[in-house]
Structure formats: C-alpha cells, structure tokens
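Student: You'll find model.txt just under this line, and it carries compact mmCIF, C-alpha atoms and all ligand atoms.
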# COMPACT_ATOMS: atom_id res chain seq x y z
CA MET A 1 0.00 0.00 0.00
CA LEU A 2 1.09 3.54 -0.80
CA VAL A 3 -0.17 6.52 1.24
CA ILE A 4 -0.53 9.73 -0.79
CA PRO A 5 -1.91 13.08 0.46
CA GLN A 6 -5.05 14.01 -1.50
CA ALA A 7 -3.45 17.37 -2.42
CA ILE A 8 -0.64 15.51 -4.23
CA LEU A 9 -3.11 13.25 -6.06
CA ASP A 10 -4.98 16.40 -7.16
CA ASN A 11 -1.69 18.04 -8.18
CA MET A 12 -0.80 15.08 -10.44
CA VAL A 13 -4.22 15.24 -12.14
CA ASP A 14 -3.81 19.02 -12.62
CA HIS A 15 -0.35 18.43 -14.12
CA ALA A 16 -1.72 15.79 -16.50
CA ARG A 17 -4.54 18.11 -17.60
CA GLU A 18 -2.17 21.07 -18.12
CA LEU A 19 0.18 19.04 -20.36
CA ALA A 20 -2.49 17.14 -22.33
CA PRO A 21 -2.37 16.01 -25.08
CA HIS A 22 1.32 15.55 -24.14
CA GLU A 23 2.16 13.18 -21.31
CA CYS A 24 3.33 14.80 -18.08
CA CYS A 25 5.93 13.20 -15.80
CA GLY A 26 7.35 13.69 -12.34
CA ILE A 27 8.82 12.30 -9.14
CA LEU A 28 7.32 11.72 -5.69
CA SER A 29 9.43 11.72 -2.55
CA GLY A 30 8.73 10.44 0.93
CA LYS A 31 9.67 7.76 3.45
CA ASP A 32 8.83 4.06 3.31
CA GLN A 33 5.26 3.88 1.91
CA VAL A 34 4.23 7.50 2.57
CA ILE A 35 4.50 10.20 -0.10
CA ASP A 36 5.52 13.66 1.08
CA GLU A 37 6.23 15.83 -1.93
CA CYS A 38 5.58 16.02 -5.69
CA TYR A 39 8.13 17.29 -8.25
CA ARG A 40 7.03 18.07 -11.80
CA ILE A 41 9.73 17.13 -14.35
CA THR A 42 9.91 18.28 -18.00
CA ASN A 43 9.03 15.67 -20.64
CA ILE A 44 11.86 16.01 -23.18
CA LEU A 45 10.83 13.22 -25.55
CA ALA A 46 9.46 15.78 -27.99
CA THR A 47 13.03 17.01 -28.65
CA MET A 48 14.86 13.65 -28.65
CA SER A 49 17.01 12.54 -31.63
CA GLU A 50 16.45 9.40 -33.69
CA ALA A 51 19.46 7.78 -31.94
CA ASP A 52 17.94 8.41 -28.52
CA LEU A 53 14.72 6.88 -29.74
CA SER A 54 16.50 3.61 -30.56
CA ARG A 55 16.17 2.61 -26.90
CA PHE A 56 12.49 1.98 -27.48
CA GLU A 57 11.43 -1.48 -28.50
CA GLY A 58 11.09 -2.38 -32.18
CA ALA A 59 7.39 -2.09 -32.90
CA LYS A 60 6.99 1.14 -31.01
CA LEU A 61 10.24 2.58 -32.41
CA SER A 62 9.07 2.45 -36.00
CA ASP A 63 5.87 4.13 -34.91
CA LEU A 64 7.76 6.84 -33.06
CA GLN A 65 10.11 7.59 -35.96
CA ARG A 66 7.18 8.24 -38.25
CA LEU A 67 5.75 10.82 -35.87
CA SER A 68 6.58 14.48 -35.48
CA PRO A 69 8.27 15.44 -32.17
CA GLU A 70 4.96 16.88 -31.02
CA GLU A 71 3.15 13.66 -31.74
CA ARG A 72 5.85 11.60 -29.98
CA ALA A 73 5.29 13.51 -26.77
CA ASP A 74 1.61 12.65 -26.96
CA ILE A 75 2.32 8.96 -26.61
CA ALA A 76 5.39 8.70 -24.38
CA PHE A 77 7.71 10.59 -22.04
CA GLN A 78 11.36 11.00 -21.11
CA MET A 79 12.30 12.92 -17.97
CA ASP A 80 14.83 15.76 -18.21
CA ALA A 81 18.02 14.30 -16.67
CA LYS A 82 19.28 17.55 -15.19
CA GLU A 83 15.96 18.22 -13.45
CA MET A 84 15.95 14.65 -12.15
CA ALA A 85 19.44 15.14 -10.66
CA LEU A 86 18.43 18.42 -9.00
CA THR A 87 15.30 16.76 -7.66
CA GLN A 88 17.28 13.86 -6.21
CA ARG A 89 19.61 16.33 -4.51
CA ASP A 90 16.66 18.23 -3.01
CA ILE A 91 15.05 14.99 -1.81
CA ARG A 92 18.31 13.84 -0.14
CA SER A 93 18.80 17.25 1.51
CA LYS A 94 15.42 16.77 3.20
CA GLY A 95 16.33 13.29 4.43
CA LEU A 96 13.67 11.70 2.23
CA ASP A 97 13.80 9.07 -0.54
CA LEU A 98 12.79 9.12 -4.18
CA LEU A 99 9.81 6.78 -3.82
CA ALA A 100 7.90 7.00 -7.10
CA PHE A 101 7.81 8.12 -10.71
CA TYR A 102 4.56 9.26 -12.25
CA HIS A 103 3.37 10.07 -15.76
CA SER A 104 0.09 10.50 -17.54
CA HIS A 105 -1.78 8.55 -20.21
CA THR A 106 -4.01 11.03 -21.96
CA ALA A 107 -6.06 8.54 -23.96
CA SER A 108 -5.31 5.08 -22.55
CA PRO A 109 -5.94 3.27 -19.25
CA ALA A 110 -3.83 3.72 -16.09
CA ARG A 111 -1.61 0.70 -16.61
CA PRO A 112 2.03 0.52 -17.79
CA SER A 113 2.60 0.25 -21.56
CA GLN A 114 5.36 -1.98 -22.99
CA THR A 115 7.49 1.18 -23.31
CA ASP A 116 6.81 2.07 -19.65
CA ILE A 117 7.95 -1.40 -18.59
CA ALA A 118 11.09 -1.16 -20.79
CA ILE A 119 11.98 2.22 -19.24
CA ALA A 120 11.38 0.88 -15.72
CA MET A 121 13.61 -2.15 -16.38
CA GLU A 122 16.34 0.12 -17.76
CA PHE A 123 16.14 2.18 -14.56
CA GLU A 124 16.37 -1.06 -12.52
CA SER A 125 19.64 -1.91 -14.28
CA TYR A 126 21.43 1.06 -12.70
CA ARG A 127 19.27 1.82 -9.66
CA SER A 128 21.57 0.09 -7.14
CA LYS A 129 24.48 2.32 -8.24
CA LEU A 130 22.35 5.37 -7.36
CA ASN A 131 21.56 3.89 -3.95
CA LEU A 132 17.81 4.37 -4.46
CA PRO A 133 14.97 2.23 -3.07
CA GLU A 134 12.81 0.28 -5.52
CA PRO A 135 10.39 2.86 -6.94
CA PHE A 136 6.64 2.78 -7.37
CA HIS A 137 5.37 3.71 -10.83
CA LEU A 138 2.19 5.78 -10.91
CA ILE A 139 0.04 6.46 -13.94
CA VAL A 140 -2.59 9.17 -14.20
CA SER A 141 -5.17 8.31 -16.87
CA LEU A 142 -7.29 11.00 -18.49
CA GLN A 143 -8.99 8.47 -20.77
CA ASN A 144 -12.27 9.47 -19.14
CA SER A 145 -11.67 13.21 -18.80
CA HIS A 146 -14.41 13.58 -16.18
CA LEU A 147 -13.07 10.73 -14.09
CA PRO A 148 -9.24 10.73 -13.91
CA VAL A 149 -7.77 7.49 -12.53
CA ILE A 150 -4.44 7.11 -10.70
CA ARG A 151 -2.97 3.65 -10.19
CA ALA A 152 0.37 2.59 -8.67
CA PHE A 153 2.60 -0.33 -9.66
CA ARG A 154 5.84 -2.08 -8.87
CA ILE A 155 7.58 -3.24 -12.03
CA GLN A 156 9.67 -6.36 -11.51
CA GLN A 157 11.16 -8.66 -14.16
CA SER A 158 9.09 -6.92 -16.84
CA HIS A 159 5.83 -7.46 -14.94
CA ALA A 160 3.63 -4.76 -13.41
CA ILE A 161 2.12 -5.51 -9.99
CA GLU A 162 -0.60 -3.13 -8.82
CA ILE A 163 -0.19 -1.51 -5.38
CA SER A 164 -3.21 0.04 -3.69
CA ILE A 165 -3.23 3.79 -3.04
CA ASN A 166 -4.53 5.11 0.26
CA PRO A 167 -5.44 8.83 -0.07
CA LEU A 168 -4.58 10.90 2.99
CA ASN A 169 -6.84 13.89 3.70
ZN ZN A 201 2.94 5.24 -19.96
As structure tokens, how would this structure be written, given the file I've shared?
Tutor:
Amino acid sequence: MLVIPQAILDNMVDHARELAPHECCGILSGKDQVIDECYRITNILATMSEADLSRFEGAKLSDLQRLSPEERADIAFQMDAKEMALTQRDIRSKGLDLLAFYHSHTASPARPSQTDIAIAMEFESYRSKLNLPEPFHLIVSLQNSHLPVIRAFRIQQSHAIEISINPLN
C-alpha cells in the first residue's frame, strides 16, 4: 500500500490536464510507503534525436520515428536528466527518498505500456548504483476526462504488480 496526500493526487491530475495532449511526468518523494512531496519534471521526448529513440522497443520505435516530435510527446515521455538530478539532490537534503515516478496517459488506461515497462527495467539496471529504493510507478489516466484514474505499480522482471493507493486527507 502507498499513502498519498489528497493534495498531491490532485496536483498530479492538474499536471496531466495542463500538459495534455502531451504526457506529463514527475517524481514523488517520501519515506517508506508514505508520499511527502511532488516534483514536476519536464518531458523532453518531444526534442529527442532518432538515436535516442533507438532505446524503445522495435514495434513502437518504427511508430515513433514516423511521428513528429509533437506527436511523440503525446504517446510517451522522457524525464529531463538535469531536473531529475536536482530533484534527487533536493530529496536527499530533506532526508527523504525518491519513492515514485509518475506520468500520464491522456487517452489510454492507467496501466504501464510496454514502453513504460522497458523504461522501468532500464532504470532497474542502474538503480543500485544510485543507492535508491525500488520505486513505485504511478500512472494518471485521463482516458475518461471527467473521471481521472491514478494507479500505482511495482515493475519487476518486466511485470507490473498493482499496489493500492490510500489517499490521505
Ligand atoms: Zn505510460
């Protein structure tokens, strides 16, 4: 179970709505299973080169290469590395941990795509070197614009396991 203040859940939905039709992304900090703070991070996928895009899996890659940068950002995200580093520094200075990554799906359900799982597994491959705890992955879905849905997952060995969210008022 993951405890998240209602104000942070609302903030993530606001962020998703502001960036739509692009996907938004960000980081949540806290301790153990309790989220404390939300950091919005820039989605830089719209400006990535073809070489950078080669990290995406085959089927999706050919789709991505055919799209304009604007269209790419509608279907996927890549966090700005410099902002991520500054965020990690801020989180450490407060004695907290980077507990979760979040991003939005503007037109699909709140569950990890194959690309999301590939990105999470890539992060797993160097996470221990960064001395970070295993992260939760949250997805904000705007598929039903009147009823946004947020779901949380652990991603292990290319499988997504849902974790319940307990809103804290
Ligand atoms: Zn996604």
Student: Produce a table with one row for each residue of chain A that has an atom at most 7 Å from any atom of ligand ZN 201 (chain A), each row naming the nearest atom pair and its distance in Å at one decimal; use all atoms listed in the file; arrange rows by chain and rising residue number; format as a Markdown table.
Tutor:
| residue | atom | partner | partner_atom | distance |
| --- | --- | --- | --- | --- |
| A:Ala76 | CA | A:ZN201 | ZN | 6.1 |
| A:His103 | CA | A:ZN201 | ZN | 6.4 |
| A:Ser104 | CA | A:ZN201 | ZN | 6.5 |
| A:His105 | CA | A:ZN201 | ZN | 5.8 |
| A:Pro112 | CA | A:ZN201 | ZN | 5.3 |
| A:Ser113 | CA | A:ZN201 | ZN | 5.3 |
| A:Thr115 | CA | A:ZN201 | ZN | 7.0 |
| A:Asp116 | CA | A:ZN201 | ZN | 5.0 |
| A:Ile139 | CA | A:ZN201 | ZN | 6.8 |
Student: Please compute the CA of Leu45 (chain A)-CA of Cys24 (chain A) distance, one decimal, in Å.
Tutor: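 Interatomic distance, CA of Leu45 (chain A) to CA of Cys24 (chain A): 10.7 Å.
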Student: Residues at most 12 Å from Asp10 (chain A), counting all atoms listed in the file, excluding those fewer than 2 positions away in the same chain, as a list in words?
Tutor: Ile4, Pro5, Gln6, Ala7, Ile8, Met12, Val13, Asp14, His15, Ala16, Arg17, Cys38, Val140, Pro148, Val149, Ile150, Pro167, Leu168 and Asn169 of chain A
Student: Counting all atoms listed in the file, find the residues whose atoms lie at most 7 Å from (9.9, 7.1, -6.5) (file coordinates) and write them out as a ChimeraX atom specification.
Tutor: /A:27-29,98-101,135-136
Student: Rounded to one decimal, what separation in Å do you get between CA of Thr42 (chain A) and CA of Arg111 (chain A)?
Tutor: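 Taking CA of Thr42 (chain A) and CA of Arg111 (chain A), their separation equals 21.1 Å.
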Student: N, CA and C atoms are what I want for region 21-51 of chain A; can you complete it accordingly and write them as a PDB file, in the frame of the given file?
Tutor:
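Now in part14.pdb:
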ATOM      1  N   PRO A  21      -2.440  17.445 -24.783  1.00  0.00           N
ATOM      2  CA  PRO A  21      -2.370  16.010 -25.080  1.00  0.00           C
ATOM      3  C   PRO A  21      -0.984  15.375 -24.889  1.00  0.00           C
ATOM      4  N   HIS A  22       0.027  16.154 -24.453  1.00  0.00           N
ATOM      5  CA  HIS A  22       1.320  15.550 -24.140  1.00  0.00           C
ATOM      6  C   HIS A  22       1.220  14.828 -22.796  1.00  0.00           C
ATOM      7  N   GLU A  23       2.102  13.837 -22.604  1.00  0.00           N
ATOM      8  CA  GLU A  23       2.160  13.180 -21.310  1.00  0.00           C
ATOM      9  C   GLU A  23       2.978  14.033 -20.353  1.00  0.00           C
ATOM     10  N   CYS A  24       2.536  14.122 -19.108  1.00  0.00           N
ATOM     11  CA  CYS A  24       3.330  14.800 -18.080  1.00  0.00           C
ATOM     12  C   CYS A  24       4.150  13.742 -17.358  1.00  0.00           C
ATOM     13  N   CYS A  25       5.181  14.160 -16.609  1.00  0.00           N
ATOM     14  CA  CYS A  25       5.930  13.200 -15.800  1.00  0.00           C
ATOM     15  C   CYS A  25       6.510  13.898 -14.584  1.00  0.00           C
ATOM     16  N   GLY A  26       6.824  13.112 -13.570  1.00  0.00           N
ATOM     17  CA  GLY A  26       7.350  13.690 -12.340  1.00  0.00           C
ATOM     18  C   GLY A  26       7.793  12.632 -11.350  1.00  0.00           C
ATOM     19  N   ILE A  27       8.223  13.137 -10.191  1.00  0.00           N
ATOM     20  CA  ILE A  27       8.820  12.300  -9.140  1.00  0.00           C
ATOM     21  C   ILE A  27       8.098  12.584  -7.832  1.00  0.00           C
ATOM     22  N   LEU A  28       7.908  11.549  -7.020  1.00  0.00           N
ATOM     23  CA  LEU A  28       7.320  11.720  -5.690  1.00  0.00           C
ATOM     24  C   LEU A  28       8.351  11.266  -4.653  1.00  0.00           C
ATOM     25  N   SER A  29       8.500  12.090  -3.609  1.00  0.00           N
ATOM     26  CA  SER A  29       9.430  11.720  -2.550  1.00  0.00           C
ATOM     27  C   SER A  29       8.660  11.409  -1.274  1.00  0.00           C
ATOM     28  N   GLY A  30       9.354  10.767  -0.346  1.00  0.00           N
ATOM     29  CA  GLY A  30       8.730  10.440   0.930  1.00  0.00           C
ATOM     30  C   GLY A  30       9.596   9.470   1.698  1.00  0.00           C
ATOM     31  N   LYS A  31       8.969   8.773   2.643  1.00  0.00           N
ATOM     32  CA  LYS A  31       9.670   7.760   3.450  1.00  0.00           C
ATOM     33  C   LYS A  31       8.836   6.499   3.477  1.00  0.00           C
ATOM     34  N   ASP A  32       9.484   5.365   3.284  1.00  0.00           N
ATOM     35  CA  ASP A  32       8.830   4.060   3.310  1.00  0.00           C
ATOM     36  C   ASP A  32       7.667   4.017   2.313  1.00  0.00           C
ATOM     37  N   GLN A  33       6.418   3.986   2.817  1.00  0.00           N
ATOM     38  CA  GLN A  33       5.260   3.880   1.910  1.00  0.00           C
ATOM     39  C   GLN A  33       4.432   5.163   1.929  1.00  0.00           C
ATOM     40  N   VAL A  34       5.007   6.259   2.415  1.00  0.00           N
ATOM     41  CA  VAL A  34       4.230   7.500   2.570  1.00  0.00           C
ATOM     42  C   VAL A  34       4.842   8.611   1.723  1.00  0.00           C
ATOM     43  N   ILE A  35       4.032   9.126   0.789  1.00  0.00           N
ATOM     44  CA  ILE A  35       4.500  10.200  -0.100  1.00  0.00           C
ATOM     45  C   ILE A  35       4.375  11.548   0.609  1.00  0.00           C
ATOM     46  N   ASP A  36       5.418  12.378   0.400  1.00  0.00           N
ATOM     47  CA  ASP A  36       5.520  13.660   1.080  1.00  0.00           C
ATOM     48  C   ASP A  36       5.466  14.848   0.136  1.00  0.00           C
ATOM     49  N   GLU A  37       6.088  14.685  -1.037  1.00  0.00           N
ATOM     50  CA  GLU A  37       6.230  15.830  -1.930  1.00  0.00           C
ATOM     51  C   GLU A  37       6.190  15.370  -3.397  1.00  0.00           C
ATOM     52  N   CYS A  38       5.736  16.298  -4.253  1.00  0.00           N
ATOM     53  CA  CYS A  38       5.580  16.020  -5.690  1.00  0.00           C
ATOM     54  C   CYS A  38       6.454  16.988  -6.475  1.00  0.00           C
ATOM     55  N   TYR A  39       7.265  16.454  -7.401  1.00  0.00           N
ATOM     56  CA  TYR A  39       8.130  17.290  -8.250  1.00  0.00           C
ATOM     57  C   TYR A  39       7.714  17.086  -9.706  1.00  0.00           C
ATOM     58  N   ARG A  40       7.332  18.159 -10.365  1.00  0.00           N
ATOM     59  CA  ARG A  40       7.030  18.070 -11.800  1.00  0.00           C
ATOM     60  C   ARG A  40       8.334  18.109 -12.589  1.00  0.00           C
ATOM     61  N   ILE A  41       8.506  17.184 -13.536  1.00  0.00           N
ATOM     62  CA  ILE A  41       9.730  17.130 -14.350  1.00  0.00           C
ATOM     63  C   ILE A  41       9.330  17.332 -15.824  1.00  0.00           C
ATOM     64  N   THR A  42      10.187  18.038 -16.578  1.00  0.00           N
ATOM     65  CA  THR A  42       9.910  18.280 -18.000  1.00  0.00           C
ATOM     66  C   THR A  42       9.986  16.987 -18.811  1.00  0.00           C
ATOM     67  N   ASN A  43       9.024  16.788 -19.688  1.00  0.00           N
ATOM     68  CA  ASN A  43       9.030  15.670 -20.640  1.00  0.00           C
ATOM     69  C   ASN A  43       9.796  16.115 -21.881  1.00  0.00           C
ATOM     70  N   ILE A  44      11.009  15.552 -22.067  1.00  0.00           N
ATOM     71  CA  ILE A  44      11.860  16.010 -23.180  1.00  0.00           C
ATOM     72  C   ILE A  44      11.760  15.134 -24.421  1.00  0.00           C
ATOM     73  N   LEU A  45      10.885  14.139 -24.406  1.00  0.00           N
ATOM     74  CA  LEU A  45      10.830  13.220 -25.550  1.00  0.00           C
ATOM     75  C   LEU A  45      10.559  13.954 -26.864  1.00  0.00           C
ATOM     76  N   ALA A  46       9.816  15.041 -26.771  1.00  0.00           N
ATOM     77  CA  ALA A  46       9.460  15.780 -27.990  1.00  0.00           C
ATOM     78  C   ALA A  46      10.698  16.302 -28.720  1.00  0.00           C
ATOM     79  N   THR A  47      11.831  16.453 -28.006  1.00  0.00           N
ATOM     80  CA  THR A  47      13.030  17.010 -28.650  1.00  0.00           C
ATOM     81  C   THR A  47      14.136  15.967 -28.819  1.00  0.00           C
ATOM     82  N   MET A  48      13.823  14.676 -28.548  1.00  0.00           N
ATOM     83  CA  MET A  48      14.860  13.650 -28.650  1.00  0.00           C
ATOM     84  C   MET A  48      15.251  13.340 -30.092  1.00  0.00           C
ATOM     85  N   SER A  49      16.516  12.906 -30.290  1.00  0.00           N
ATOM     86  CA  SER A  49      17.010  12.540 -31.630  1.00  0.00           C
ATOM     87  C   SER A  49      16.581  11.115 -31.981  1.00  0.00           C
ATOM     88  N   GLU A  50      16.767  10.759 -33.243  1.00  0.00           N
ATOM     89  CA  GLU A  50      16.450   9.400 -33.690  1.00  0.00           C
ATOM     90  C   GLU A  50      17.294   8.375 -32.922  1.00  0.00           C
ATOM     91  N   ALA A  51      18.575   8.714 -32.654  1.00  0.00           N
ATOM     92  CA  ALA A  51      19.460   7.780 -31.940  1.00  0.00           C
ATOM     93  C   ALA A  51      18.931   7.510 -30.530  1.00  0.00           C
TER      94      ALA A  51
END
